[in-house]
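*Asks:* Below is the structure I would like to discuss, written out as structure tokens.
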Amino acid sequence: MRGRIALRLAVTVGLCGPPASAFAQMNFQGIDLKGSDKNPPPKKASAPAAKPATAPTAMPGLDLSPNPPANLPPPIVLPGFAEPGKTLPRPRVDAVAKLFKNGHYPEAARAGYEVMRETGDADQSAEAEYLLAKSLYRMKMYHSALRHFSKVLARGTDKRFFRPSLEWLFFISRKTVDEDIVLDDVARYSTVAFPPRYQSEFRYLLARYYLIRAEALIGAGQVADGRAALKQARQLVEMVPRSTAYFAKARFLAGTAAYQDATAGLQAGQVSSPTALAEAVSAFQEVVRVTNPRDPDAFHDWHTRELAFMNLARIHFEARQNRAAIHYYGKVDRGGDAWLEALYEMAWAEYRIGDYERALGNMITLNSPFFQDEYFPESLTVKAIIYYENCRYTEARATLDDFEAIYGPVHDELDRLTGREQPPEAFYQLLEDIQIKQKAKRSTALLDRILKLALSDNDLKRLNGSIQETEAEMDAVADNPESFRYSEVAKQLLDELKGERRAAKARAGLIARAKLEQERDDLKDLLGKGLRIKFETQEKEKQFLESKIAGQASPETLRRYRYSVATSDQDQYWPYEGEYWRDELGTYQYTLTKGCR
């Protein structure tokens, strides 16, 4: 409205001007429109006379000549009116900033979107979109905020709001389930000089980007390109100083990159030399040192510490240094995210060195009612093998029967799900339906196991969390005031979130299908091995009975083992009678009183 009033005033003055009788009443913003007292208007002639065409009489402050001078004074800007070259008045942008400052984030987002769409000025549009993105962040709509910060960044590195928008990427990475969603933008502007307070975080995130890229390249067979990406990742993490909170994470990435570099291009079953793995071991050990809880100056990053212990254990297990592997598996926090996996993998190392009692004790924990929804099918195979090698054929056969009863239906269901052609979204929809049934307490043990094995893939787990965040943002739109809920910005945000969710579901579906197919094939292999073990068990039982009937001594006759129930001062021996106590989980030892070992 103000722009139209200003235009109409300019047209009126330029065409005819006010009557002479009004001159004495008008004095507008320092422009004198009265004329000169010394030169009053000429008197009317008695008869009109023709006059030659001349330029209009100039008045002070207003040049009406056909060729005005080039050095005009700057135009006068009236309060509340549009600035020259702007399509919207400046107070509109200031009003958005004021709404944000006062904490009215939905109103600021709506107003910022309107200014961004209506203004024709690039600077005003960038400022309005920057305020829109910040408002969405404050509304905890992080995915939507990231999209608009990315658009501000794309306007150019020399723009006013580029650097602050770059800083907001770090804030978003700390709030979302998957910090990798900001990696593309971080990599795109990696040549920009970041503020010192964000240098370590920037280098850590960029190293993650190159690490993920290297893994994809090596997986695709492009080992040389993958190693080049690993080199960039390792250079970046070496630039993270020890005094920052990202040092432990950076050292973990350094160890991961060194391990990938040492194992890149190896065939299945091949193991790198201890020398090649030494750098990875050193980096993971450094993570353990700088996160030591007994050190008051340590970084309290228990998750990274736990992952470092797991990787140290796996490297030593691959090198067949089983006792060192058992040591590191035992360092994983009891009850932590990786604890059950550590118990399962530790059982393999204990089996290798013949510590069957502790290996079977770990199986008791894994197969307890507390963890009946967990997915460790191979644990029953380990248990059956240990019984078989100790000539406990009855227990071995019973364990294999349990394995077939529990995981046979899982294999059949996986075979059914993956045996028909479906779009990728359908495989993720399957997992989503299982999660819905779990929340409604309508899921079955079979469905829970399928979901558990699918989400054991870390990439799928992060992507699943990101999809749930996107859906939560879509629901959050309805929780805002009506002025925002039914606005144009809300409509666009919902459309963009739906598109993001659709693309994420397609990616998640591809990962889910690959994971389910892999697990189907692994279960088929395990079921086949179980049948072979069962056949061998029955054959041994037959030989044992035949030798017993013939009165011959069998070389595999059961004999009593020597064992002791002595414990350390910190432990107490308590006989197991089929009951489970949560505080005893992870401490069980199965005493083999007899066998043929």
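Residue numbering restarts at 1 for every chain of the structure tokens, chains are lettered A, B, ... in their displayed order, and ligands are numbered from 1 as they appear.
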Tell me, as a list in words, which residues lie within 6 Å of stretch 294-311 of chain A, counting only C-alpha atoms; anything in the same chain fewer than 3 positions away does not count.
*Replies:*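 The contact residues come out as Phe284, Val288, Val290, Thr291, Arg314, Tyr328 and Val332 of chain A.
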*Asks:* Name the residues of stretch 146-352 of chain A that come out as alpha helix (DSSP H) in a backbone DSSP run; write them as a count of residues only.
*Replies:* 138
*Asks:* Using only C-alpha atoms, pick whichever of A:Leu312, A:Ala258, A:Ala145, A:Ala248 has the shortest atom-to-atom distance to A:Leu230.
*Replies:* A:Ala258
*Asks:* Within 8 Å of A:Met116, counting only C-alpha atoms, which residues qualify if same-chain residues fewer than 4 places away don't, as an MDAnalysis selection string?
*Replies:* chainID A and resid 112 124:126 128:129
*Asks:* Do a neighbour search on A:Leu132 at 9 Å with only C-alpha atoms, toss out local chain neighbours closer than 6 positions, and write the hits as JSON, numbers by chain.
*Replies:* {"A": [96, 100, 105, 108, 109, 110, 111, 112, 113, 116, 145, 148, 149]}
*Asks:* How would the residues just picked look written out with N, CA, C and O atoms as a PDB file, in the first residue's frame?
*Replies:*
ATOM      1  N   VAL A  96      10.436  -8.902  11.106  1.00  0.00           N
ATOM      2  CA  VAL A  96      10.734 -10.332  11.221  1.00  0.00           C
ATOM      3  C   VAL A  96      11.825 -10.557  12.262  1.00  0.00           C
ATOM      4  O   VAL A  96      11.728 -11.453  13.109  1.00  0.00           O
ATOM      5  N   PHE A 100      11.616 -12.716  15.869  1.00  0.00           N
ATOM      6  CA  PHE A 100      12.557 -13.761  16.253  1.00  0.00           C
ATOM      7  C   PHE A 100      13.217 -13.441  17.586  1.00  0.00           C
ATOM      8  O   PHE A 100      13.338 -14.317  18.455  1.00  0.00           O
ATOM      9  N   TYR A 105       8.668 -17.562  17.318  1.00  0.00           N
ATOM     10  CA  TYR A 105       9.306 -18.235  16.193  1.00  0.00           C
ATOM     11  C   TYR A 105       8.342 -18.634  15.076  1.00  0.00           C
ATOM     12  O   TYR A 105       8.679 -18.455  13.897  1.00  0.00           O
ATOM     13  N   ALA A 108       7.635 -15.480  13.235  1.00  0.00           N
ATOM     14  CA  ALA A 108       8.828 -15.028  12.516  1.00  0.00           C
ATOM     15  C   ALA A 108       9.058 -15.878  11.274  1.00  0.00           C
ATOM     16  O   ALA A 108       9.432 -15.354  10.216  1.00  0.00           O
ATOM     17  N   ALA A 109       8.822 -17.186  11.383  1.00  0.00           N
ATOM     18  CA  ALA A 109       8.997 -18.061  10.223  1.00  0.00           C
ATOM     19  C   ALA A 109       8.007 -17.703   9.118  1.00  0.00           C
ATOM     20  O   ALA A 109       8.373 -17.628   7.936  1.00  0.00           O
ATOM     21  N   ARG A 110       6.759 -17.477   9.493  1.00  0.00           N
ATOM     22  CA  ARG A 110       5.740 -17.126   8.493  1.00  0.00           C
ATOM     23  C   ARG A 110       6.056 -15.785   7.838  1.00  0.00           C
ATOM     24  O   ARG A 110       6.023 -15.651   6.600  1.00  0.00           O
ATOM     25  N   ALA A 111       6.404 -14.781   8.663  1.00  0.00           N
ATOM     26  CA  ALA A 111       6.700 -13.459   8.118  1.00  0.00           C
ATOM     27  C   ALA A 111       7.978 -13.486   7.273  1.00  0.00           C
ATOM     28  O   ALA A 111       8.053 -12.846   6.218  1.00  0.00           O
ATOM     29  N   GLY A 112       8.983 -14.227   7.723  1.00  0.00           N
ATOM     30  CA  GLY A 112      10.219 -14.320   6.957  1.00  0.00           C
ATOM     31  C   GLY A 112       9.996 -14.966   5.602  1.00  0.00           C
ATOM     32  O   GLY A 112      10.570 -14.543   4.592  1.00  0.00           O
ATOM     33  N   TYR A 113       9.150 -15.975   5.562  1.00  0.00           N
ATOM     34  CA  TYR A 113       8.848 -16.636   4.288  1.00  0.00           C
ATOM     35  C   TYR A 113       8.129 -15.677   3.341  1.00  0.00           C
ATOM     36  O   TYR A 113       8.432 -15.629   2.146  1.00  0.00           O
ATOM     37  N   MET A 116      10.609 -13.159   2.021  1.00  0.00           N
ATOM     38  CA  MET A 116      11.507 -13.830   1.077  1.00  0.00           C
ATOM     39  C   MET A 116      10.841 -14.015  -0.284  1.00  0.00           C
ATOM     40  O   MET A 116      11.463 -13.866  -1.334  1.00  0.00           O
ATOM     41  N   ALA A 145      15.113 -26.569   8.804  1.00  0.00           N
ATOM     42  CA  ALA A 145      16.073 -25.482   8.984  1.00  0.00           C
ATOM     43  C   ALA A 145      17.318 -25.722   8.132  1.00  0.00           C
ATOM     44  O   ALA A 145      17.827 -24.795   7.484  1.00  0.00           O
ATOM     45  N   HIS A 148      16.882 -24.694   4.453  1.00  0.00           N
ATOM     46  CA  HIS A 148      16.926 -23.253   4.165  1.00  0.00           C
ATOM     47  C   HIS A 148      18.310 -22.662   4.434  1.00  0.00           C
ATOM     48  O   HIS A 148      18.729 -21.738   3.736  1.00  0.00           O
ATOM     49  N   PHE A 149      19.030 -23.173   5.429  1.00  0.00           N
ATOM     50  CA  PHE A 149      20.417 -22.732   5.597  1.00  0.00           C
ATOM     51  C   PHE A 149      21.239 -23.099   4.362  1.00  0.00           C
ATOM     52  O   PHE A 149      22.111 -22.333   3.927  1.00  0.00           O
TER      53      PHE A 149
END
*Asks:* Applying 12 Å and only C-alpha atoms, which residues near A:Ala426 remain after dropping the ones on its own chain fewer than 6 positions away? List them as a list in words.
*Replies:*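 Everything that qualifies: Leu417, Thr418, Arg420, Glu432, Asp433, Arg502, Lys505, Ala506, Arg507, Ala508, Gly509, Leu510, Ile511, Ala512 and Arg513 of chain A.
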*Asks:* Those same residues, written as a PDB file, in the first residue's frame with N, CA and C atoms?
*Replies:*
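Result file is result-v9.pdb:
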ATOM      1  N   LEU A 417       9.721 -62.832   2.237  1.00  0.00           N
ATOM      2  CA  LEU A 417       9.736 -61.384   2.056  1.00  0.00           C
ATOM      3  C   LEU A 417      10.654 -60.954   0.916  1.00  0.00           C
ATOM      4  N   THR A 418      11.777 -61.624   0.788  1.00  0.00           N
ATOM      5  CA  THR A 418      12.753 -61.222  -0.228  1.00  0.00           C
ATOM      6  C   THR A 418      12.585 -61.972  -1.544  1.00  0.00           C
ATOM      7  N   ARG A 420       9.960 -62.026  -3.550  1.00  0.00           N
ATOM      8  CA  ARG A 420       9.096 -61.391  -4.551  1.00  0.00           C
ATOM      9  C   ARG A 420       9.607 -59.991  -4.858  1.00  0.00           C
ATOM     10  N   GLU A 432       8.736 -50.425   9.176  1.00  0.00           N
ATOM     11  CA  GLU A 432       7.924 -49.389   9.825  1.00  0.00           C
ATOM     12  C   GLU A 432       6.675 -50.003  10.449  1.00  0.00           C
ATOM     13  N   ASP A 433       6.067 -50.950   9.752  1.00  0.00           N
ATOM     14  CA  ASP A 433       4.877 -51.619  10.301  1.00  0.00           C
ATOM     15  C   ASP A 433       5.223 -52.402  11.567  1.00  0.00           C
ATOM     16  N   ARG A 502      10.201 -39.433   1.505  1.00  0.00           N
ATOM     17  CA  ARG A 502      10.069 -40.391   0.411  1.00  0.00           C
ATOM     18  C   ARG A 502      11.445 -40.845  -0.091  1.00  0.00           C
ATOM     19  N   LYS A 505      13.110 -43.022   2.599  1.00  0.00           N
ATOM     20  CA  LYS A 505      12.526 -44.364   2.652  1.00  0.00           C
ATOM     21  C   LYS A 505      13.028 -45.239   1.504  1.00  0.00           C
ATOM     22  N   ALA A 506      13.227 -44.627   0.348  1.00  0.00           N
ATOM     23  CA  ALA A 506      13.757 -45.392  -0.785  1.00  0.00           C
ATOM     24  C   ALA A 506      15.179 -45.878  -0.475  1.00  0.00           C
ATOM     25  N   ARG A 507      16.019 -44.994   0.094  1.00  0.00           N
ATOM     26  CA  ARG A 507      17.382 -45.402   0.453  1.00  0.00           C
ATOM     27  C   ARG A 507      17.358 -46.462   1.554  1.00  0.00           C
ATOM     28  N   ALA A 508      16.506 -46.237   2.555  1.00  0.00           N
ATOM     29  CA  ALA A 508      16.408 -47.202   3.649  1.00  0.00           C
ATOM     30  C   ALA A 508      15.899 -48.544   3.149  1.00  0.00           C
ATOM     31  N   GLY A 509      14.979 -48.514   2.181  1.00  0.00           N
ATOM     32  CA  GLY A 509      14.469 -49.757   1.630  1.00  0.00           C
ATOM     33  C   GLY A 509      15.544 -50.559   0.928  1.00  0.00           C
ATOM     34  N   LEU A 510      16.422 -49.878   0.204  1.00  0.00           N
ATOM     35  CA  LEU A 510      17.526 -50.576  -0.463  1.00  0.00           C
ATOM     36  C   LEU A 510      18.456 -51.231   0.557  1.00  0.00           C
ATOM     37  N   ILE A 511      18.774 -50.492   1.624  1.00  0.00           N
ATOM     38  CA  ILE A 511      19.651 -51.047   2.662  1.00  0.00           C
ATOM     39  C   ILE A 511      18.958 -52.206   3.364  1.00  0.00           C
ATOM     40  N   ALA A 512      17.650 -52.031   3.661  1.00  0.00           N
ATOM     41  CA  ALA A 512      16.907 -53.078   4.364  1.00  0.00           C
ATOM     42  C   ALA A 512      16.850 -54.354   3.530  1.00  0.00           C
ATOM     43  N   ARG A 513      16.594 -54.200   2.242  1.00  0.00           N
ATOM     44  CA  ARG A 513      16.519 -55.392   1.382  1.00  0.00           C
ATOM     45  C   ARG A 513      17.861 -56.122   1.352  1.00  0.00           C
TER      46      ARG A 513
END
*Asks:* Go through A:Ala224, A:Ile181, A:Ala245, A:Leu558 one by one, measure the shortest atom-to-atom distance of each to A:Gln199 using only C-alpha atoms, and give the residue with the smallest value.
*Replies:* A:Ala245
*Asks:* Nearest to A:Ile315: which of A:Ile364, A:Val287, A:Leu545, A:Val281 is it, counting only C-alpha atoms?
*Replies:* A:Val281
*Asks:* Taking 3 positions as the minimum chain separation for residues in the same chain, which residues sit within 8 Å of stretch 464-480 of chain A when counting only C-alpha atoms? Answer as a ChimeraX atom specification.
*Replies:* /A:106,140-141,143,176-178,460-461,484-485,490,494,497,500-501,504-505,508
*Asks:* Which is closer to A:Leu447 than all the others in A:Glu389, A:Glu413, A:His316, A:Gly419, using only C-alpha atoms?
*Replies:*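 Looking at the shortest contact to A:Leu447, the residue is A:Glu413.
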